[in-house]
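Undergrad: Can you read through this structure? Questions will come right after.
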Amino acid sequence: MYRTHVSIIADILSTAKQYSYEGYENGATVTHLIRKANVPHQRLGSMVSHLMQSGLLYEDSTKYRISDKGIMFLQAYHEFKNFAESFGLKV
Amino acid sequence: MNLVGLAISAFIGRFAYAGYSAIASPNLLRLTFAFASIGIGFALIAGGLFIETRDLSRGVITAGLGAQAVGYLFIAFSHSIKTFDFAPPRYFAFIPLAITPFIIPGNSIEHLVRSISFILLVYVSIETMASHVQNRRTSTLMIGSGLGLLALAELMAWYNFVYPGLFFHVAIAVKVGGFGLMFVPFSKFGLTSGMPGGSLNKVGGV
């Protein structure tokens, strides 16, 4: 199934959120992100560095954690995803 | 009624723009252009009704209908670059084409524009209903039905050409009813979501 760029970003952030708060306090490793977001290592590297520049993700001793801004982005993503899906569209 | 349509279009368009600002989705940008164009169309049609010069009034109303047709085109374009997990029956694609010879008149730009709007709305309504079959969302069903009502309104407005004065007000009522149906699922997101200062405004812009 085709995934848009923003939906892959949401998958990366969701994984980072899961490993930052939900029972895994240390953050997500690159392997976690590759496995859950299902993207090649090279592409993941460029996306993660872009997310870090945007302040949605930050690195904490070789592991990645979601920032408060990243959590707000995920909330917005889910709300606007519902909105677009009401029109039968993908975000 | 046109002003009600304008208000609903403005709200949905503003929300779609807030979504584009926050998550930079191309489809939300297309929805923004679509509802901005539809809103401008409603404003022109409402303005045209107050112009006393008959030809000028007709021209402004036709321009409004044209703006709305462009809006429907943007929504249709968003659907045309989408892929389904299942294939809708192929004959769905032929429904608008099959009825085109019966509805495109050659003697009026206004009715030609209405015909184009009708075809686009039938297409968008079918696509949205096909999405409903896939995701079973009530909101998708309501928006698909709303788009279907808009198509019916365009057909009735064209029928007004055959029997002048009989269907005009009913067509406008059905059109606003269609927008109202589209507004119901949208209203659950909250009228202030994505407004300046709101928590969803310019979160990421990735």
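All residue names refer to the structure tokens as shown: chains lettered A, B, ... in order, residues numbered from 1 in each chain, ligands numbered from 1 in order.
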Please find the residues of chain B near chain A - the criterion being any atom within 7 Å, counting only C-alpha atoms - and write them as a PDB file with C-alpha atoms, in the first residue's frame.

TA:
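Written out: iface.pdb:
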ATOM      1  CA  GLY B  19      -3.978  21.247   8.210  1.00  0.00           C
ATOM      2  CA  ALA B  22       0.647  21.982  10.257  1.00  0.00           C
ATOM      3  CA  ILE B  23       1.540  18.841   8.312  1.00  0.00           C
ATOM      4  CA  SER B  25      -0.062  17.565   3.075  1.00  0.00           C
ATOM      5  CA  ASN B  27      -4.178  16.933  -0.493  1.00  0.00           C
ATOM      6  CA  LEU B  28      -5.034  19.411   2.270  1.00  0.00           C
ATOM      7  CA  HIS B  79      -9.277  11.813  -5.870  1.00  0.00           C
ATOM      8  CA  THR B 128     -15.981   9.272  -1.886  1.00  0.00           C
ATOM      9  CA  SER B 131     -13.782   5.248  -0.014  1.00  0.00           C
ATOM     10  CA  SER B 139     -18.234  10.889   8.107  1.00  0.00           C
ATOM     11  CA  THR B 140     -17.131   9.698   4.646  1.00  0.00           C
ATOM     12  CA  ILE B 143     -19.569  13.859   2.811  1.00  0.00           C
ATOM     13  CA  LEU B 200      -2.740  22.740  15.811  1.00  0.00           C
ATOM     14  CA  VAL B 203       3.122  22.666  14.530  1.00  0.00           C
ATOM     15  CA  GLY B 204       5.637  21.064  12.249  1.00  0.00           C
TER      16      GLY B 204
END

Undergrad: Can you tell me which residues surround Val48 of chain A at a distance of at most 10 Å, considering only C-alpha atoms, apart from same-chain residues fewer than 6 positions away, and format the answer as an MDAnalysis selection string?

TA: chainID A and resid 9 12:13 30 33 54 56:59 64

Undergrad: Which neighbours of segment 183-188 of chain B fall inside 9 Å, counting only C-alpha atoms, when residues of the same chain fewer than 2 positions from it are skipped, and could you give them as a PDB file with N, CA and C atoms, in the first residue's frame?

TA:
ATOM      1  N   PHE A  83      -9.758  14.210   9.133  1.00  0.00           N
ATOM      2  CA  PHE A  83     -10.438  15.200   8.284  1.00  0.00           C
ATOM      3  C   PHE A  83     -10.327  14.802   6.807  1.00  0.00           C
ATOM      4  N   SER A  86     -12.294  11.759   5.833  1.00  0.00           N
ATOM      5  CA  SER A  86     -13.728  12.017   5.689  1.00  0.00           C
ATOM      6  C   SER A  86     -14.064  12.358   4.237  1.00  0.00           C
TER       7      SER A  86
ATOM      8  N   ILE B   8     -19.958  28.046   5.286  1.00  0.00           N
ATOM      9  CA  ILE B   8     -19.530  26.648   5.449  1.00  0.00           C
ATOM     10  C   ILE B   8     -18.243  26.390   4.656  1.00  0.00           C
ATOM     11  N   SER B   9     -18.194  26.896   3.426  1.00  0.00           N
ATOM     12  CA  SER B   9     -16.984  26.717   2.591  1.00  0.00           C
ATOM     13  C   SER B   9     -15.776  27.376   3.246  1.00  0.00           C
ATOM     14  N   PHE B  11     -15.261  27.953   6.462  1.00  0.00           N
ATOM     15  CA  PHE B  11     -14.821  27.181   7.629  1.00  0.00           C
ATOM     16  C   PHE B  11     -14.021  25.948   7.204  1.00  0.00           C
ATOM     17  N   ILE B  12     -14.572  25.201   6.240  1.00  0.00           N
ATOM     18  CA  ILE B  12     -13.888  23.969   5.817  1.00  0.00           C
ATOM     19  C   ILE B  12     -12.543  24.320   5.164  1.00  0.00           C
ATOM     20  N   PHE B  15     -10.014  25.309   7.789  1.00  0.00           N
ATOM     21  CA  PHE B  15      -9.537  24.129   8.513  1.00  0.00           C
ATOM     22  C   PHE B  15      -8.532  23.352   7.664  1.00  0.00           C
ATOM     23  N   THR B 138     -18.625   6.804   8.957  1.00  0.00           N
ATOM     24  CA  THR B 138     -19.886   7.527   8.799  1.00  0.00           C
ATOM     25  C   THR B 138     -19.640   8.898   8.193  1.00  0.00           C
ATOM     26  N   SER B 139     -18.527   9.546   8.615  1.00  0.00           N
ATOM     27  CA  SER B 139     -18.234  10.889   8.107  1.00  0.00           C
ATOM     28  C   SER B 139     -18.007  10.870   6.591  1.00  0.00           C
ATOM     29  N   THR B 140     -17.358   9.812   6.092  1.00  0.00           N
ATOM     30  CA  THR B 140     -17.131   9.698   4.646  1.00  0.00           C
ATOM     31  C   THR B 140     -18.462   9.524   3.916  1.00  0.00           C
ATOM     32  N   MET B 142     -21.339  10.661   4.925  1.00  0.00           N
ATOM     33  CA  MET B 142     -22.060  11.941   4.944  1.00  0.00           C
ATOM     34  C   MET B 142     -21.493  12.909   3.910  1.00  0.00           C
ATOM     35  N   ILE B 143     -20.170  12.947   3.789  1.00  0.00           N
ATOM     36  CA  ILE B 143     -19.569  13.859   2.811  1.00  0.00           C
ATOM     37  C   ILE B 143     -19.860  13.377   1.392  1.00  0.00           C
ATOM     38  N   GLY B 146     -23.327  14.362   0.762  1.00  0.00           N
ATOM     39  CA  GLY B 146     -23.372  15.817   0.552  1.00  0.00           C
ATOM     40  C   GLY B 146     -22.944  16.178  -0.865  1.00  0.00           C
ATOM     41  N   GLY B 178     -26.576  20.094   0.839  1.00  0.00           N
ATOM     42  CA  GLY B 178     -25.391  19.275   0.566  1.00  0.00           C
ATOM     43  C   GLY B 178     -24.189  19.769   1.341  1.00  0.00           C
ATOM     44  N   PHE B 179     -23.996  21.095   1.343  1.00  0.00           N
ATOM     45  CA  PHE B 179     -22.872  21.657   2.110  1.00  0.00           C
ATOM     46  C   PHE B 179     -23.081  21.440   3.605  1.00  0.00           C
ATOM     47  N   GLY B 180     -24.356  21.533   4.041  1.00  0.00           N
ATOM     48  CA  GLY B 180     -24.673  21.288   5.448  1.00  0.00           C
ATOM     49  C   GLY B 180     -24.310  19.872   5.850  1.00  0.00           C
ATOM     50  N   LEU B 181     -24.626  18.918   4.978  1.00  0.00           N
ATOM     51  CA  LEU B 181     -24.303  17.513   5.238  1.00  0.00           C
ATOM     52  C   LEU B 181     -22.780  17.327   5.318  1.00  0.00           C
ATOM     53  N   GLY B 190     -14.281  20.759  15.661  1.00  0.00           N
ATOM     54  CA  GLY B 190     -14.270  22.011  16.421  1.00  0.00           C
ATOM     55  C   GLY B 190     -14.013  23.176  15.502  1.00  0.00           C
ATOM     56  N   LEU B 191     -14.820  24.215  15.683  1.00  0.00           N
ATOM     57  CA  LEU B 191     -14.729  25.354  14.781  1.00  0.00           C
ATOM     58  C   LEU B 191     -13.463  26.166  14.991  1.00  0.00           C
TER      59      LEU B 191
END

Undergrad: From the set A:Thr62, A:Ser67, A:Ser49, A:Thr31, which residue has the shortest atom-to-atom contact distance to Lys17 of chain A, counting only C-alpha atoms?

TA: A:Ser67
